$ cat entry-v5.cif   # mmCIF, N, CA and C atoms
data_start
#
loop_
_atom_site.label_atom_id
_atom_site.label_comp_id
_atom_site.auth_asym_id
_atom_site.auth_seq_id
_atom_site.Cartn_x
_atom_site.Cartn_y
_atom_site.Cartn_z
N MET A 1 -66.29 135.57 33.14
CA MET A 1 -66.57 134.26 33.70
C MET A 1 -67.36 133.47 32.67
N SER A 2 -66.99 132.23 32.45
CA SER A 2 -67.68 131.41 31.47
C SER A 2 -69.08 131.07 31.97
N PRO A 3 -70.02 130.85 31.04
CA PRO A 3 -71.39 130.48 31.44
C PRO A 3 -71.42 129.23 32.31
N HIS A 4 -70.53 128.26 32.00
CA HIS A 4 -70.51 127.02 32.78
C HIS A 4 -70.10 127.31 34.22
N LEU A 5 -69.07 128.13 34.40
CA LEU A 5 -68.63 128.45 35.76
C LEU A 5 -69.68 129.25 36.51
N LYS A 6 -70.32 130.18 35.80
CA LYS A 6 -71.37 130.97 36.45
C LYS A 6 -72.53 130.09 36.87
N SER A 7 -72.96 129.17 36.01
CA SER A 7 -74.08 128.29 36.37
C SER A 7 -73.67 127.35 37.50
N THR A 8 -72.42 126.90 37.49
CA THR A 8 -71.94 126.05 38.57
C THR A 8 -71.93 126.83 39.87
N GLY A 9 -71.47 128.08 39.81
CA GLY A 9 -71.45 128.93 41.00
C GLY A 9 -72.84 129.17 41.54
N LEU A 10 -73.79 129.41 40.64
CA LEU A 10 -75.17 129.62 41.08
C LEU A 10 -75.75 128.36 41.68
N ALA A 11 -75.40 127.21 41.11
CA ALA A 11 -75.89 125.95 41.66
C ALA A 11 -75.33 125.72 43.05
N ILE A 12 -74.06 126.03 43.22
CA ILE A 12 -73.44 125.88 44.55
C ILE A 12 -74.09 126.84 45.52
N ALA A 13 -74.30 128.09 45.08
CA ALA A 13 -74.92 129.07 45.96
C ALA A 13 -76.33 128.65 46.35
N ALA A 14 -77.08 128.09 45.40
CA ALA A 14 -78.44 127.64 45.70
C ALA A 14 -78.40 126.49 46.70
N LEU A 15 -77.43 125.60 46.54
CA LEU A 15 -77.29 124.49 47.48
C LEU A 15 -76.98 125.02 48.87
N VAL A 16 -76.06 125.96 48.94
CA VAL A 16 -75.69 126.53 50.23
C VAL A 16 -76.88 127.24 50.84
N LEU A 17 -77.63 127.99 50.02
CA LEU A 17 -78.81 128.68 50.52
C LEU A 17 -79.80 127.69 51.10
N SER A 18 -79.96 126.54 50.45
CA SER A 18 -80.92 125.57 50.96
C SER A 18 -80.50 125.08 52.35
N LEU A 19 -79.22 125.18 52.64
CA LEU A 19 -78.74 124.77 53.96
C LEU A 19 -78.86 125.88 54.99
N THR A 20 -79.13 127.11 54.51
CA THR A 20 -79.18 128.23 55.44
C THR A 20 -80.60 128.75 55.64
N ALA A 21 -81.58 127.93 55.34
CA ALA A 21 -82.96 128.33 55.55
C ALA A 21 -83.16 128.72 57.01
N PRO A 22 -83.99 129.72 57.26
CA PRO A 22 -84.15 130.18 58.63
C PRO A 22 -84.71 129.10 59.55
N LEU A 23 -84.28 129.15 60.78
CA LEU A 23 -84.80 128.24 61.79
C LEU A 23 -85.97 128.94 62.47
N LEU A 24 -87.14 128.76 61.90
CA LEU A 24 -88.32 129.43 62.43
C LEU A 24 -88.83 128.70 63.66
N PRO A 25 -89.35 129.43 64.62
CA PRO A 25 -89.86 128.77 65.82
C PRO A 25 -91.07 127.89 65.47
N THR A 26 -91.19 126.81 66.18
CA THR A 26 -92.34 125.94 65.99
C THR A 26 -93.41 126.29 67.03
N ALA A 27 -94.56 125.72 66.87
CA ALA A 27 -95.65 125.98 67.81
C ALA A 27 -95.31 125.44 69.19
N TYR A 28 -94.35 124.52 69.27
CA TYR A 28 -94.01 123.90 70.54
C TYR A 28 -92.77 124.48 71.20
N SER A 29 -92.21 125.55 70.62
CA SER A 29 -91.00 126.12 71.23
C SER A 29 -91.37 126.80 72.54
N PRO A 30 -90.46 126.73 73.53
CA PRO A 30 -90.75 127.35 74.81
C PRO A 30 -90.86 128.86 74.70
N LEU A 31 -91.75 129.43 75.48
CA LEU A 31 -91.91 130.88 75.47
C LEU A 31 -90.80 131.53 76.27
N PRO A 32 -90.36 132.72 75.84
CA PRO A 32 -89.33 133.39 76.61
C PRO A 32 -89.83 133.76 78.00
N VAL A 33 -88.90 133.85 78.94
CA VAL A 33 -89.26 134.17 80.31
C VAL A 33 -89.79 135.60 80.41
N LEU A 34 -89.13 136.52 79.70
CA LEU A 34 -89.57 137.91 79.74
C LEU A 34 -90.72 138.11 78.77
N ALA A 35 -91.71 138.85 79.20
CA ALA A 35 -92.85 139.13 78.33
C ALA A 35 -92.39 140.06 77.21
N GLN A 36 -92.90 139.80 76.02
CA GLN A 36 -92.57 140.65 74.89
C GLN A 36 -93.77 141.51 74.56
N THR A 37 -93.50 142.73 74.08
CA THR A 37 -94.59 143.60 73.68
C THR A 37 -95.15 143.11 72.36
N SER A 38 -96.36 143.50 72.07
CA SER A 38 -96.96 143.08 70.81
C SER A 38 -96.21 143.70 69.63
N THR A 39 -95.64 144.90 69.83
CA THR A 39 -94.84 145.54 68.78
C THR A 39 -93.60 144.72 68.48
N HIS A 40 -92.93 144.26 69.54
CA HIS A 40 -91.74 143.43 69.37
C HIS A 40 -92.10 142.14 68.63
N SER A 41 -93.18 141.50 69.04
CA SER A 41 -93.61 140.25 68.40
C SER A 41 -93.97 140.47 66.94
N ALA A 42 -94.63 141.58 66.66
CA ALA A 42 -95.01 141.89 65.29
C ALA A 42 -93.77 142.15 64.44
N SER A 43 -92.81 142.85 65.01
CA SER A 43 -91.57 143.13 64.27
C SER A 43 -90.79 141.84 64.02
N LYS A 44 -90.74 140.97 65.00
CA LYS A 44 -90.04 139.68 64.85
C LYS A 44 -90.73 138.86 63.76
N ALA A 45 -92.04 138.83 63.78
CA ALA A 45 -92.79 138.08 62.77
C ALA A 45 -92.53 138.66 61.37
N GLU A 46 -92.44 139.98 61.27
CA GLU A 46 -92.17 140.63 59.99
C GLU A 46 -90.77 140.29 59.50
N ALA A 47 -89.80 140.30 60.39
CA ALA A 47 -88.42 139.96 60.02
C ALA A 47 -88.34 138.51 59.57
N ASP A 48 -89.00 137.61 60.30
CA ASP A 48 -89.02 136.20 59.91
C ASP A 48 -89.67 136.02 58.54
N ARG A 49 -90.76 136.76 58.30
CA ARG A 49 -91.46 136.68 57.02
C ARG A 49 -90.56 137.16 55.89
N LEU A 50 -89.86 138.27 56.11
CA LEU A 50 -88.97 138.81 55.09
C LEU A 50 -87.81 137.87 54.79
N LEU A 51 -87.27 137.25 55.83
CA LEU A 51 -86.17 136.31 55.64
C LEU A 51 -86.64 135.13 54.78
N GLN A 52 -87.78 134.57 55.10
CA GLN A 52 -88.34 133.45 54.33
C GLN A 52 -88.71 133.89 52.93
N GLN A 53 -89.29 135.07 52.81
CA GLN A 53 -89.66 135.59 51.49
C GLN A 53 -88.41 135.73 50.61
N GLY A 54 -87.33 136.23 51.19
CA GLY A 54 -86.08 136.34 50.45
C GLY A 54 -85.59 134.99 49.97
N ASN A 55 -85.70 133.97 50.81
CA ASN A 55 -85.31 132.62 50.42
C ASN A 55 -86.13 132.15 49.22
N GLN A 56 -87.43 132.38 49.28
CA GLN A 56 -88.31 131.96 48.19
C GLN A 56 -88.01 132.74 46.91
N GLN A 57 -87.77 134.03 47.04
CA GLN A 57 -87.45 134.85 45.87
C GLN A 57 -86.14 134.39 45.24
N TYR A 58 -85.17 134.07 46.07
CA TYR A 58 -83.89 133.61 45.57
C TYR A 58 -84.04 132.30 44.80
N GLN A 59 -84.85 131.41 45.32
CA GLN A 59 -85.03 130.11 44.68
C GLN A 59 -85.70 130.20 43.32
N ILE A 60 -86.43 131.27 43.06
CA ILE A 60 -87.04 131.44 41.73
C ILE A 60 -86.32 132.53 40.94
N SER A 61 -85.06 132.77 41.30
CA SER A 61 -84.15 133.67 40.58
C SER A 61 -84.55 135.14 40.63
N GLN A 62 -85.30 135.55 41.62
CA GLN A 62 -85.61 136.96 41.83
C GLN A 62 -84.56 137.53 42.79
N PHE A 63 -83.33 137.65 42.28
CA PHE A 63 -82.19 137.95 43.13
C PHE A 63 -82.25 139.35 43.75
N ASP A 64 -82.65 140.35 42.97
CA ASP A 64 -82.73 141.71 43.51
C ASP A 64 -83.78 141.79 44.62
N ALA A 65 -84.92 141.17 44.39
CA ALA A 65 -85.99 141.17 45.39
C ALA A 65 -85.55 140.44 46.65
N ALA A 66 -84.86 139.31 46.48
CA ALA A 66 -84.36 138.55 47.63
C ALA A 66 -83.39 139.41 48.43
N PHE A 67 -82.49 140.06 47.73
CA PHE A 67 -81.50 140.92 48.37
C PHE A 67 -82.19 141.99 49.21
N GLN A 68 -83.21 142.61 48.65
CA GLN A 68 -83.94 143.66 49.37
C GLN A 68 -84.66 143.10 50.59
N SER A 69 -85.27 141.93 50.44
CA SER A 69 -85.97 141.31 51.57
C SER A 69 -84.99 141.01 52.70
N TRP A 70 -83.82 140.48 52.35
CA TRP A 70 -82.82 140.14 53.37
C TRP A 70 -82.25 141.39 54.03
N GLN A 71 -82.08 142.46 53.26
CA GLN A 71 -81.59 143.70 53.86
C GLN A 71 -82.60 144.25 54.87
N LYS A 72 -83.87 144.18 54.52
CA LYS A 72 -84.92 144.65 55.44
C LYS A 72 -84.97 143.78 56.69
N SER A 73 -84.88 142.46 56.50
CA SER A 73 -84.92 141.56 57.66
C SER A 73 -83.72 141.83 58.56
N LEU A 74 -82.56 142.07 57.98
CA LEU A 74 -81.35 142.36 58.76
C LEU A 74 -81.57 143.60 59.63
N GLN A 75 -82.12 144.64 59.05
CA GLN A 75 -82.35 145.87 59.81
C GLN A 75 -83.30 145.64 60.99
N ILE A 76 -84.37 144.91 60.74
CA ILE A 76 -85.33 144.64 61.82
C ILE A 76 -84.69 143.79 62.91
N TYR A 77 -83.99 142.73 62.52
CA TYR A 77 -83.34 141.88 63.51
C TYR A 77 -82.33 142.68 64.33
N ARG A 78 -81.60 143.58 63.70
CA ARG A 78 -80.64 144.41 64.44
C ARG A 78 -81.36 145.32 65.42
N ASN A 79 -82.47 145.91 65.00
CA ASN A 79 -83.24 146.77 65.90
C ASN A 79 -83.77 145.99 67.10
N LEU A 80 -84.12 144.72 66.86
CA LEU A 80 -84.65 143.88 67.93
C LEU A 80 -83.54 143.23 68.76
N LYS A 81 -82.30 143.38 68.30
CA LYS A 81 -81.15 142.71 68.93
C LYS A 81 -81.33 141.19 68.91
N ASP A 82 -81.91 140.69 67.82
CA ASP A 82 -82.10 139.26 67.59
C ASP A 82 -80.87 138.77 66.84
N ARG A 83 -79.91 138.23 67.57
CA ARG A 83 -78.63 137.85 66.98
C ARG A 83 -78.76 136.66 66.03
N LEU A 84 -79.62 135.70 66.34
CA LEU A 84 -79.80 134.56 65.45
C LEU A 84 -80.34 135.03 64.09
N GLY A 85 -81.38 135.83 64.10
CA GLY A 85 -81.95 136.35 62.85
C GLY A 85 -80.97 137.23 62.10
N GLU A 86 -80.22 138.03 62.86
CA GLU A 86 -79.21 138.88 62.24
C GLU A 86 -78.18 138.02 61.51
N GLY A 87 -77.72 136.98 62.16
CA GLY A 87 -76.74 136.10 61.54
C GLY A 87 -77.28 135.42 60.29
N GLN A 88 -78.51 134.96 60.35
CA GLN A 88 -79.12 134.30 59.19
C GLN A 88 -79.24 135.28 58.02
N SER A 89 -79.65 136.51 58.31
CA SER A 89 -79.77 137.52 57.26
C SER A 89 -78.40 137.83 56.65
N LEU A 90 -77.39 137.97 57.50
CA LEU A 90 -76.04 138.24 57.01
C LEU A 90 -75.55 137.09 56.12
N GLY A 91 -75.80 135.85 56.54
CA GLY A 91 -75.38 134.70 55.74
C GLY A 91 -76.05 134.69 54.38
N ASN A 92 -77.33 134.98 54.36
CA ASN A 92 -78.05 134.98 53.08
C ASN A 92 -77.58 136.13 52.19
N LEU A 93 -77.29 137.28 52.78
CA LEU A 93 -76.74 138.39 51.99
C LEU A 93 -75.37 138.02 51.44
N GLY A 94 -74.60 137.27 52.21
CA GLY A 94 -73.32 136.79 51.71
C GLY A 94 -73.50 135.89 50.50
N ILE A 95 -74.51 135.05 50.53
CA ILE A 95 -74.80 134.19 49.39
C ILE A 95 -75.22 135.03 48.18
N ALA A 96 -76.00 136.08 48.44
CA ALA A 96 -76.40 136.96 47.34
C ALA A 96 -75.19 137.62 46.70
N TYR A 97 -74.28 138.13 47.52
CA TYR A 97 -73.07 138.74 46.97
C TYR A 97 -72.24 137.71 46.21
N TYR A 98 -72.18 136.51 46.73
CA TYR A 98 -71.45 135.44 46.04
C TYR A 98 -72.07 135.22 44.65
N SER A 99 -73.38 135.16 44.59
CA SER A 99 -74.08 134.92 43.33
C SER A 99 -73.82 136.03 42.32
N LEU A 100 -73.57 137.23 42.82
CA LEU A 100 -73.26 138.36 41.94
C LEU A 100 -71.79 138.39 41.55
N GLY A 101 -71.02 137.46 42.08
CA GLY A 101 -69.60 137.41 41.77
C GLY A 101 -68.75 138.32 42.63
N ASN A 102 -69.36 138.93 43.65
CA ASN A 102 -68.62 139.82 44.55
C ASN A 102 -68.15 138.99 45.75
N TYR A 103 -67.09 138.24 45.53
CA TYR A 103 -66.62 137.29 46.53
C TYR A 103 -66.08 137.97 47.78
N ALA A 104 -65.43 139.12 47.60
CA ALA A 104 -64.89 139.84 48.76
C ALA A 104 -66.02 140.29 49.69
N LYS A 105 -67.09 140.80 49.11
CA LYS A 105 -68.24 141.24 49.92
C LYS A 105 -68.93 140.02 50.53
N ALA A 106 -69.01 138.92 49.80
CA ALA A 106 -69.59 137.70 50.34
C ALA A 106 -68.81 137.25 51.56
N ILE A 107 -67.50 137.28 51.46
CA ILE A 107 -66.65 136.88 52.59
C ILE A 107 -66.89 137.79 53.78
N GLU A 108 -67.00 139.07 53.54
CA GLU A 108 -67.26 140.03 54.62
C GLU A 108 -68.54 139.67 55.39
N TYR A 109 -69.60 139.36 54.65
CA TYR A 109 -70.88 139.03 55.28
C TYR A 109 -70.82 137.67 55.98
N HIS A 110 -70.17 136.71 55.36
CA HIS A 110 -70.06 135.39 55.99
C HIS A 110 -69.20 135.44 57.26
N GLU A 111 -68.19 136.30 57.27
CA GLU A 111 -67.38 136.46 58.48
C GLU A 111 -68.21 137.07 59.62
N GLN A 112 -69.08 138.02 59.27
CA GLN A 112 -69.98 138.60 60.28
C GLN A 112 -70.93 137.53 60.82
N HIS A 113 -71.46 136.71 59.92
CA HIS A 113 -72.34 135.62 60.34
C HIS A 113 -71.60 134.67 61.26
N LEU A 114 -70.37 134.33 60.89
CA LEU A 114 -69.56 133.42 61.69
C LEU A 114 -69.34 133.97 63.10
N ALA A 115 -69.01 135.25 63.19
CA ALA A 115 -68.77 135.86 64.50
C ALA A 115 -70.01 135.79 65.38
N ILE A 116 -71.17 136.07 64.81
CA ILE A 116 -72.41 136.02 65.58
C ILE A 116 -72.72 134.58 65.97
N ALA A 117 -72.58 133.67 65.04
CA ALA A 117 -72.87 132.25 65.32
C ALA A 117 -72.01 131.76 66.48
N ARG A 118 -70.75 132.12 66.47
CA ARG A 118 -69.87 131.70 67.56
C ARG A 118 -70.26 132.38 68.87
N GLU A 119 -70.63 133.64 68.80
CA GLU A 119 -71.04 134.39 70.00
C GLU A 119 -72.24 133.75 70.68
N ILE A 120 -73.22 133.35 69.89
CA ILE A 120 -74.47 132.80 70.46
C ILE A 120 -74.45 131.28 70.50
N LYS A 121 -73.32 130.70 70.14
CA LYS A 121 -73.15 129.24 70.17
C LYS A 121 -74.15 128.53 69.26
N ASP A 122 -74.33 129.10 68.08
CA ASP A 122 -75.19 128.52 67.04
C ASP A 122 -74.30 127.65 66.16
N ARG A 123 -74.21 126.38 66.49
CA ARG A 123 -73.29 125.48 65.79
C ARG A 123 -73.70 125.27 64.33
N LEU A 124 -74.98 125.22 64.05
CA LEU A 124 -75.44 125.08 62.66
C LEU A 124 -75.01 126.31 61.85
N GLY A 125 -75.27 127.49 62.38
CA GLY A 125 -74.87 128.72 61.69
C GLY A 125 -73.37 128.82 61.52
N GLU A 126 -72.63 128.36 62.52
CA GLU A 126 -71.17 128.36 62.43
C GLU A 126 -70.71 127.47 61.27
N GLY A 127 -71.27 126.29 61.19
CA GLY A 127 -70.91 125.38 60.11
C GLY A 127 -71.29 125.92 58.74
N GLN A 128 -72.48 126.52 58.66
CA GLN A 128 -72.92 127.08 57.39
C GLN A 128 -72.00 128.21 56.95
N SER A 129 -71.66 129.10 57.87
CA SER A 129 -70.82 130.23 57.49
C SER A 129 -69.42 129.77 57.13
N LEU A 130 -68.89 128.78 57.83
CA LEU A 130 -67.57 128.24 57.47
C LEU A 130 -67.60 127.60 56.08
N GLY A 131 -68.65 126.86 55.79
CA GLY A 131 -68.79 126.26 54.47
C GLY A 131 -68.89 127.32 53.37
N ASN A 132 -69.67 128.35 53.63
CA ASN A 132 -69.84 129.43 52.65
C ASN A 132 -68.53 130.20 52.46
N LEU A 133 -67.79 130.40 53.54
CA LEU A 133 -66.48 131.04 53.43
C LEU A 133 -65.55 130.19 52.57
N GLY A 134 -65.57 128.89 52.78
CA GLY A 134 -64.74 128.00 51.99
C GLY A 134 -65.05 128.09 50.51
N ILE A 135 -66.33 128.13 50.18
CA ILE A 135 -66.74 128.23 48.77
C ILE A 135 -66.28 129.55 48.18
N ALA A 136 -66.43 130.64 48.93
CA ALA A 136 -66.02 131.96 48.42
C ALA A 136 -64.51 132.03 48.22
N TYR A 137 -63.75 131.54 49.20
CA TYR A 137 -62.29 131.54 49.04
C TYR A 137 -61.87 130.63 47.88
N TYR A 138 -62.52 129.52 47.72
CA TYR A 138 -62.23 128.61 46.61
C TYR A 138 -62.45 129.33 45.29
N SER A 139 -63.55 130.08 45.20
CA SER A 139 -63.87 130.81 43.97
C SER A 139 -62.84 131.88 43.66
N LEU A 140 -62.18 132.39 44.67
CA LEU A 140 -61.12 133.37 44.48
C LEU A 140 -59.79 132.70 44.14
N GLY A 141 -59.75 131.37 44.20
CA GLY A 141 -58.52 130.66 43.93
C GLY A 141 -57.61 130.55 45.14
N ASN A 142 -58.11 130.92 46.31
CA ASN A 142 -57.35 130.83 47.55
C ASN A 142 -57.66 129.47 48.19
N TYR A 143 -57.05 128.44 47.63
CA TYR A 143 -57.38 127.07 48.03
C TYR A 143 -56.92 126.76 49.45
N ALA A 144 -55.81 127.33 49.87
CA ALA A 144 -55.32 127.08 51.24
C ALA A 144 -56.30 127.64 52.26
N LYS A 145 -56.81 128.81 52.00
CA LYS A 145 -57.77 129.45 52.92
C LYS A 145 -59.11 128.72 52.87
N ALA A 146 -59.49 128.28 51.66
CA ALA A 146 -60.75 127.54 51.51
C ALA A 146 -60.71 126.28 52.35
#
$ encode --input "entry-v5.cif" --output "structure tokens"
Amino acid sequence: MSPHLKSTGLAIAALVLSLTAPLLPTAYSPLPVLAQTSTHSASKAEADRLLQQGNQQYQISQFDAAFQSWQKSLQIYRNLKDRLGEGQSLGNLGIAYYSLGNYAKAIEYHEQHLAIAREIKDRLGEGQSLGNLGIAYYSLGNYAKA
């Protein structure tokens, strides 16, 4: 791959990542009806922290560290059955694979994100995953699918 194409791909991936920043709860978000244990809340906070940390690491080109942070956040979100966080982690891992030039693996992760986004009716996540899938298919030269 030529340096120009690689830098263009990284720029596109960075742009896409900026669109997939986690949707962290605000201080004014409604509290869930069911009480959560402090362990659950601590785990959720840790997963959110890891997801954001991965975003920051990615933005300063610490790709391996970002990848590890997102893998850890994915595992925690899955344990908590937090589908929104799981989808966000999968989408970011798809971007990481894209940045490494592994378009097939990127597509696999973005398809998982898309399925979750549609399941939980996360329209933003659905749009992000569709856009990321389009970029990955385009990079493979599959323009019709893109």
$ atom_distance --input "entry-v5.cif" --atom1 "atom N of Glu119 (chain A)" --atom2 "atom N of Ser139 (chain A)"
24.9 Å
$ resolve_selection --input "entry-v5.cif" --expression "the PyMOL selection byres ((chain A and resi 72-77) around 8)" --output "list in words"
Ser43, Lys44, Glu46, Ala47, Asp48, Arg49, Leu50, Leu51, Gln52, Ala66, Phe67, Gln68, Ser69, Trp70, Gln71, Arg78, Asn79, Leu80, Lys81, Asp82, Arg83, Leu84, Gly85, Glu86, Gly87, Gln88, Ser89 and Leu90 of chain A
$ write_last_selection --input "entry-v5.cif" --atoms "N, CA and C atoms" --output "short mmCIF file (atom, residue, chain, number, x, y, z; two decimals), in the coordinates of the input"
data_model
loop_
_atom_site.label_atom_id
_atom_site.label_comp_id
_atom_site.auth_asym_id
_atom_site.auth_seq_id
_atom_site.Cartn_x
_atom_site.Cartn_y
_atom_site.Cartn_z
N SER A 43 -92.81 142.85 65.01
CA SER A 43 -91.57 143.13 64.27
C SER A 43 -90.79 141.84 64.02
N LYS A 44 -90.74 140.97 65.00
CA LYS A 44 -90.04 139.68 64.85
C LYS A 44 -90.73 138.86 63.76
N GLU A 46 -92.44 139.98 61.27
CA GLU A 46 -92.17 140.63 59.99
C GLU A 46 -90.77 140.29 59.50
N ALA A 47 -89.80 140.30 60.39
CA ALA A 47 -88.42 139.96 60.02
C ALA A 47 -88.34 138.51 59.57
N ASP A 48 -89.00 137.61 60.30
CA ASP A 48 -89.02 136.20 59.91
C ASP A 48 -89.67 136.02 58.54
N ARG A 49 -90.76 136.76 58.30
CA ARG A 49 -91.46 136.68 57.02
C ARG A 49 -90.56 137.16 55.89
N LEU A 50 -89.86 138.27 56.11
CA LEU A 50 -88.97 138.81 55.09
C LEU A 50 -87.81 137.87 54.79
N LEU A 51 -87.27 137.25 55.83
CA LEU A 51 -86.17 136.31 55.64
C LEU A 51 -86.64 135.13 54.78
N GLN A 52 -87.78 134.57 55.10
CA GLN A 52 -88.34 133.45 54.33
C GLN A 52 -88.71 133.89 52.93
N ALA A 66 -84.86 139.31 46.48
CA ALA A 66 -84.36 138.55 47.63
C ALA A 66 -83.39 139.41 48.43
N PHE A 67 -82.49 140.06 47.73
CA PHE A 67 -81.50 140.92 48.37
C PHE A 67 -82.19 141.99 49.21
N GLN A 68 -83.21 142.61 48.65
CA GLN A 68 -83.94 143.66 49.37
C GLN A 68 -84.66 143.10 50.59
N SER A 69 -85.27 141.93 50.44
CA SER A 69 -85.97 141.31 51.57
C SER A 69 -84.99 141.01 52.70
N TRP A 70 -83.82 140.48 52.35
CA TRP A 70 -82.82 140.14 53.37
C TRP A 70 -82.25 141.39 54.03
N GLN A 71 -82.08 142.46 53.26
CA GLN A 71 -81.59 143.70 53.86
C GLN A 71 -82.60 144.25 54.87
N ARG A 78 -81.60 143.58 63.70
CA ARG A 78 -80.64 144.41 64.44
C ARG A 78 -81.36 145.32 65.42
N ASN A 79 -82.47 145.91 65.00
CA ASN A 79 -83.24 146.77 65.90
C ASN A 79 -83.77 145.99 67.10
N LEU A 80 -84.12 144.72 66.86
CA LEU A 80 -84.65 143.88 67.93
C LEU A 80 -83.54 143.23 68.76
N LYS A 81 -82.30 143.38 68.30
CA LYS A 81 -81.15 142.71 68.93
C LYS A 81 -81.33 141.19 68.91
N ASP A 82 -81.91 140.69 67.82
CA ASP A 82 -82.10 139.26 67.59
C ASP A 82 -80.87 138.77 66.84
N ARG A 83 -79.91 138.23 67.57
CA ARG A 83 -78.63 137.85 66.98
C ARG A 83 -78.76 136.66 66.03
N LEU A 84 -79.62 135.70 66.34
CA LEU A 84 -79.80 134.56 65.45
C LEU A 84 -80.34 135.03 64.09
N GLY A 85 -81.38 135.83 64.10
CA GLY A 85 -81.95 136.35 62.85
C GLY A 85 -80.97 137.23 62.10
N GLU A 86 -80.22 138.03 62.86
CA GLU A 86 -79.21 138.88 62.24
C GLU A 86 -78.18 138.02 61.51
N GLY A 87 -77.72 136.98 62.16
CA GLY A 87 -76.74 136.10 61.54
C GLY A 87 -77.28 135.42 60.29
N GLN A 88 -78.51 134.96 60.35
CA GLN A 88 -79.12 134.30 59.19
C GLN A 88 -79.24 135.28 58.02
N SER A 89 -79.65 136.51 58.31
CA SER A 89 -79.77 137.52 57.26
C SER A 89 -78.40 137.83 56.65
N LEU A 90 -77.39 137.97 57.50
CA LEU A 90 -76.04 138.24 57.01
C LEU A 90 -75.55 137.09 56.12
#
$ residues_around --input "entry-v5.cif" --residues "region 100-112 of chain A" --least-positions-apart "5" --cutoff "7 Å" --atoms "all atoms listed in the file" --output "VMD selection string"
chain A and resid 87 90 to 91 93 to 95 117 129 to 130 132 to 133 136 to 137 140
$ residues_around --input "entry-v5.cif" --residues "Glu126 (chain A)" --least-positions-apart "2" --cutoff "8 Å" --atoms "all atoms listed in the file" --output "ChimeraX atom specification"
/A:113-118,121-124,128-132
$ atom_distance --input "entry-v5.cif" --atom1 "atom N of Asn55 (chain A)" --atom2 "CA of Ala96 (chain A)"
10.4 Å
$ atom_distance --input "entry-v5.cif" --atom1 "atom C of Lys145 (chain A)" --atom2 "atom N of Ser99 (chain A)"
17.7 Å
